[in-house]
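**Q** A single structure is presented below for examination.
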Amino acid sequence: MASIPAESIKRMVSREFGLQITDDAARALAKMLESRAKRISRFAVLNSRKRKGDKITKEDIQEYVLKAGLDDA
C-alpha cells in the first residue's frame, strides 16, 4: 500500500479536474506516484553525494527533471 494517502489524491483530482475518482483508482495513482518519488529520490541522493553534499537540494531534483526530459516540474 502506498504511503501517499488516497484521500489526498481524491482531493487533488477533484480540485484540479472537477471529477471524482474511485478508491481503487486513487490507490493505484498513489502507488505509481510513490514509485516515481522513490526513483527521483534515489537519483537526488546520488546527485547530492556526487557533489559531496550533505542534503538533497531543489537543484538535485531539478537535475532529474533535466536528465529525464520531463516538462511537468
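Lettering and numbering for the C-alpha cells are positional, with chains as A, B, ... in the shown order, residues counted from 1 in each chain, and ligands counted from 1 in the shown order.
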Tell me, as a list in words, which residues lie within 10 Å of region 18-26 of chain A, counting only C-alpha atoms; anything in the same chain fewer than 4 positions away does not count.

**A** Ile4, Pro5, Ala6, Glu7, Ser8, Ile9, Lys10, Arg11, Met12, Val13, Ser14, Ala30, Lys31 and Met32 of chain A

**Q** Which of chain A end up as alpha helix (DSSP H) when DSSP is run on this backbone - answer as a PyMOL selection string?

**A** chain A and resi 6-17+23-50+58-68

**Q** Please produce an output containing N, CA and C atoms for each residue in the selection, written as a compact mmCIF listing (two decimals), in the first residue's frame.

**A**
# COMPACT_ATOMS: atom_id res chain seq x y z
N ALA A 6 -4.69 8.00 -0.23
CA ALA A 6 -5.64 8.02 -1.35
C ALA A 6 -6.56 9.22 -1.24
N GLU A 7 -6.89 9.63 -0.02
CA GLU A 7 -7.76 10.79 0.16
C GLU A 7 -7.12 12.06 -0.40
N SER A 8 -5.80 12.17 -0.29
CA SER A 8 -5.10 13.32 -0.86
C SER A 8 -5.21 13.32 -2.39
N ILE A 9 -5.09 12.13 -2.97
CA ILE A 9 -5.22 12.00 -4.42
C ILE A 9 -6.64 12.38 -4.83
N LYS A 10 -7.62 11.90 -4.08
CA LYS A 10 -9.01 12.19 -4.41
C LYS A 10 -9.29 13.69 -4.36
N ARG A 11 -8.78 14.36 -3.33
CA ARG A 11 -8.97 15.82 -3.22
C ARG A 11 -8.29 16.54 -4.37
N MET A 12 -7.07 16.13 -4.70
CA MET A 12 -6.34 16.79 -5.78
C MET A 12 -7.07 16.65 -7.11
N VAL A 13 -7.51 15.44 -7.43
CA VAL A 13 -8.21 15.21 -8.69
C VAL A 13 -9.49 16.02 -8.73
N SER A 14 -10.21 16.03 -7.64
CA SER A 14 -11.45 16.80 -7.58
C SER A 14 -11.19 18.29 -7.75
N ARG A 15 -10.19 18.80 -7.04
CA ARG A 15 -9.85 20.23 -7.09
C ARG A 15 -9.32 20.64 -8.47
N GLU A 16 -8.43 19.84 -9.03
CA GLU A 16 -7.79 20.20 -10.29
C GLU A 16 -8.65 19.95 -11.52
N PHE A 17 -9.47 18.89 -11.46
CA PHE A 17 -10.19 18.49 -12.67
C PHE A 17 -11.69 18.45 -12.52
N ASP A 23 -11.96 4.82 -5.27
CA ASP A 23 -10.95 4.47 -4.26
C ASP A 23 -9.82 3.65 -4.88
N ASP A 24 -10.19 2.67 -5.71
CA ASP A 24 -9.18 1.82 -6.35
C ASP A 24 -8.26 2.64 -7.25
N ALA A 25 -8.82 3.56 -8.02
CA ALA A 25 -8.01 4.39 -8.91
C ALA A 25 -7.11 5.32 -8.11
N ALA A 26 -7.62 5.87 -7.02
CA ALA A 26 -6.82 6.77 -6.18
C ALA A 26 -5.65 6.00 -5.56
N ARG A 27 -5.91 4.78 -5.10
CA ARG A 27 -4.82 3.97 -4.52
C ARG A 27 -3.79 3.61 -5.59
N ALA A 28 -4.26 3.28 -6.79
CA ALA A 28 -3.33 2.93 -7.87
C ALA A 28 -2.46 4.12 -8.24
N LEU A 29 -3.07 5.30 -8.33
CA LEU A 29 -2.31 6.50 -8.66
C LEU A 29 -1.31 6.83 -7.55
N ALA A 30 -1.73 6.69 -6.31
CA ALA A 30 -0.83 6.94 -5.19
C ALA A 30 0.37 6.00 -5.24
N LYS A 31 0.12 4.74 -5.56
CA LYS A 31 1.21 3.76 -5.64
C LYS A 31 2.19 4.13 -6.76
N MET A 32 1.66 4.55 -7.91
CA MET A 32 2.52 4.96 -9.02
C MET A 32 3.34 6.20 -8.66
N LEU A 33 2.69 7.17 -8.02
CA LEU A 33 3.40 8.39 -7.62
C LEU A 33 4.50 8.09 -6.61
N GLU A 34 4.21 7.19 -5.69
CA GLU A 34 5.24 6.82 -4.72
C GLU A 34 6.43 6.15 -5.39
N SER A 35 6.14 5.30 -6.36
CA SER A 35 7.22 4.64 -7.10
C SER A 35 8.09 5.67 -7.82
N ARG A 36 7.44 6.64 -8.46
CA ARG A 36 8.20 7.69 -9.15
C ARG A 36 8.98 8.53 -8.15
N ALA A 37 8.38 8.83 -7.02
CA ALA A 37 9.07 9.63 -6.00
C ALA A 37 10.31 8.91 -5.48
N LYS A 38 10.21 7.59 -5.31
CA LYS A 38 11.38 6.81 -4.87
C LYS A 38 12.49 6.88 -5.91
N ARG A 39 12.12 6.77 -7.18
CA ARG A 39 13.12 6.84 -8.26
C ARG A 39 13.80 8.21 -8.27
N ILE A 40 13.01 9.26 -8.14
CA ILE A 40 13.57 10.62 -8.13
C ILE A 40 14.45 10.81 -6.90
N SER A 41 14.00 10.31 -5.76
CA SER A 41 14.79 10.43 -4.52
C SER A 41 16.13 9.73 -4.64
N ARG A 42 16.10 8.52 -5.20
CA ARG A 42 17.33 7.76 -5.39
C ARG A 42 18.32 8.56 -6.25
N PHE A 43 17.82 9.13 -7.35
CA PHE A 43 18.66 9.95 -8.22
C PHE A 43 19.21 11.15 -7.45
N ALA A 44 18.34 11.81 -6.69
CA ALA A 44 18.75 13.02 -5.96
C ALA A 44 19.81 12.70 -4.92
N VAL A 45 19.69 11.56 -4.25
CA VAL A 45 20.70 11.16 -3.26
C VAL A 45 22.05 10.97 -3.95
N LEU A 46 22.04 10.26 -5.06
CA LEU A 46 23.30 10.05 -5.79
C LEU A 46 23.87 11.37 -6.29
N ASN A 47 23.00 12.24 -6.76
CA ASN A 47 23.45 13.55 -7.25
C ASN A 47 24.06 14.37 -6.12
N SER A 48 23.42 14.34 -4.96
CA SER A 48 23.93 15.07 -3.80
C SER A 48 25.29 14.52 -3.36
N ARG A 49 25.41 13.19 -3.33
CA ARG A 49 26.68 12.57 -2.94
C ARG A 49 27.79 12.90 -3.94
N LYS A 50 27.41 12.95 -5.22
CA LYS A 50 28.39 13.25 -6.26
C LYS A 50 29.00 14.64 -6.06
N LYS A 58 16.93 21.40 -4.03
CA LYS A 58 16.00 21.57 -5.14
C LYS A 58 16.71 21.32 -6.47
N GLU A 59 17.96 21.72 -6.55
CA GLU A 59 18.75 21.53 -7.77
C GLU A 59 18.96 20.05 -8.06
N ASP A 60 19.11 19.23 -7.02
CA ASP A 60 19.26 17.79 -7.22
C ASP A 60 18.01 17.21 -7.87
N ILE A 61 16.86 17.69 -7.44
CA ILE A 61 15.59 17.24 -8.02
C ILE A 61 15.45 17.76 -9.45
N GLN A 62 15.79 19.01 -9.65
CA GLN A 62 15.68 19.60 -10.99
C GLN A 62 16.61 18.91 -11.98
N GLU A 63 17.74 18.43 -11.51
CA GLU A 63 18.67 17.70 -12.38
C GLU A 63 18.01 16.43 -12.91
N TYR A 64 17.22 15.77 -12.08
CA TYR A 64 16.47 14.59 -12.54
C TYR A 64 15.53 14.99 -13.67
N VAL A 65 14.83 16.07 -13.47
CA VAL A 65 13.88 16.55 -14.48
C VAL A 65 14.61 16.84 -15.78
N LEU A 66 15.75 17.49 -15.71
CA LEU A 66 16.52 17.81 -16.91
C LEU A 66 17.01 16.56 -17.61
N LYS A 67 17.57 15.62 -16.85
CA LYS A 67 18.12 14.39 -17.46
C LYS A 67 17.04 13.50 -18.02
N ALA A 68 15.87 13.48 -17.36
CA ALA A 68 14.78 12.62 -17.82
C ALA A 68 13.97 13.29 -18.92
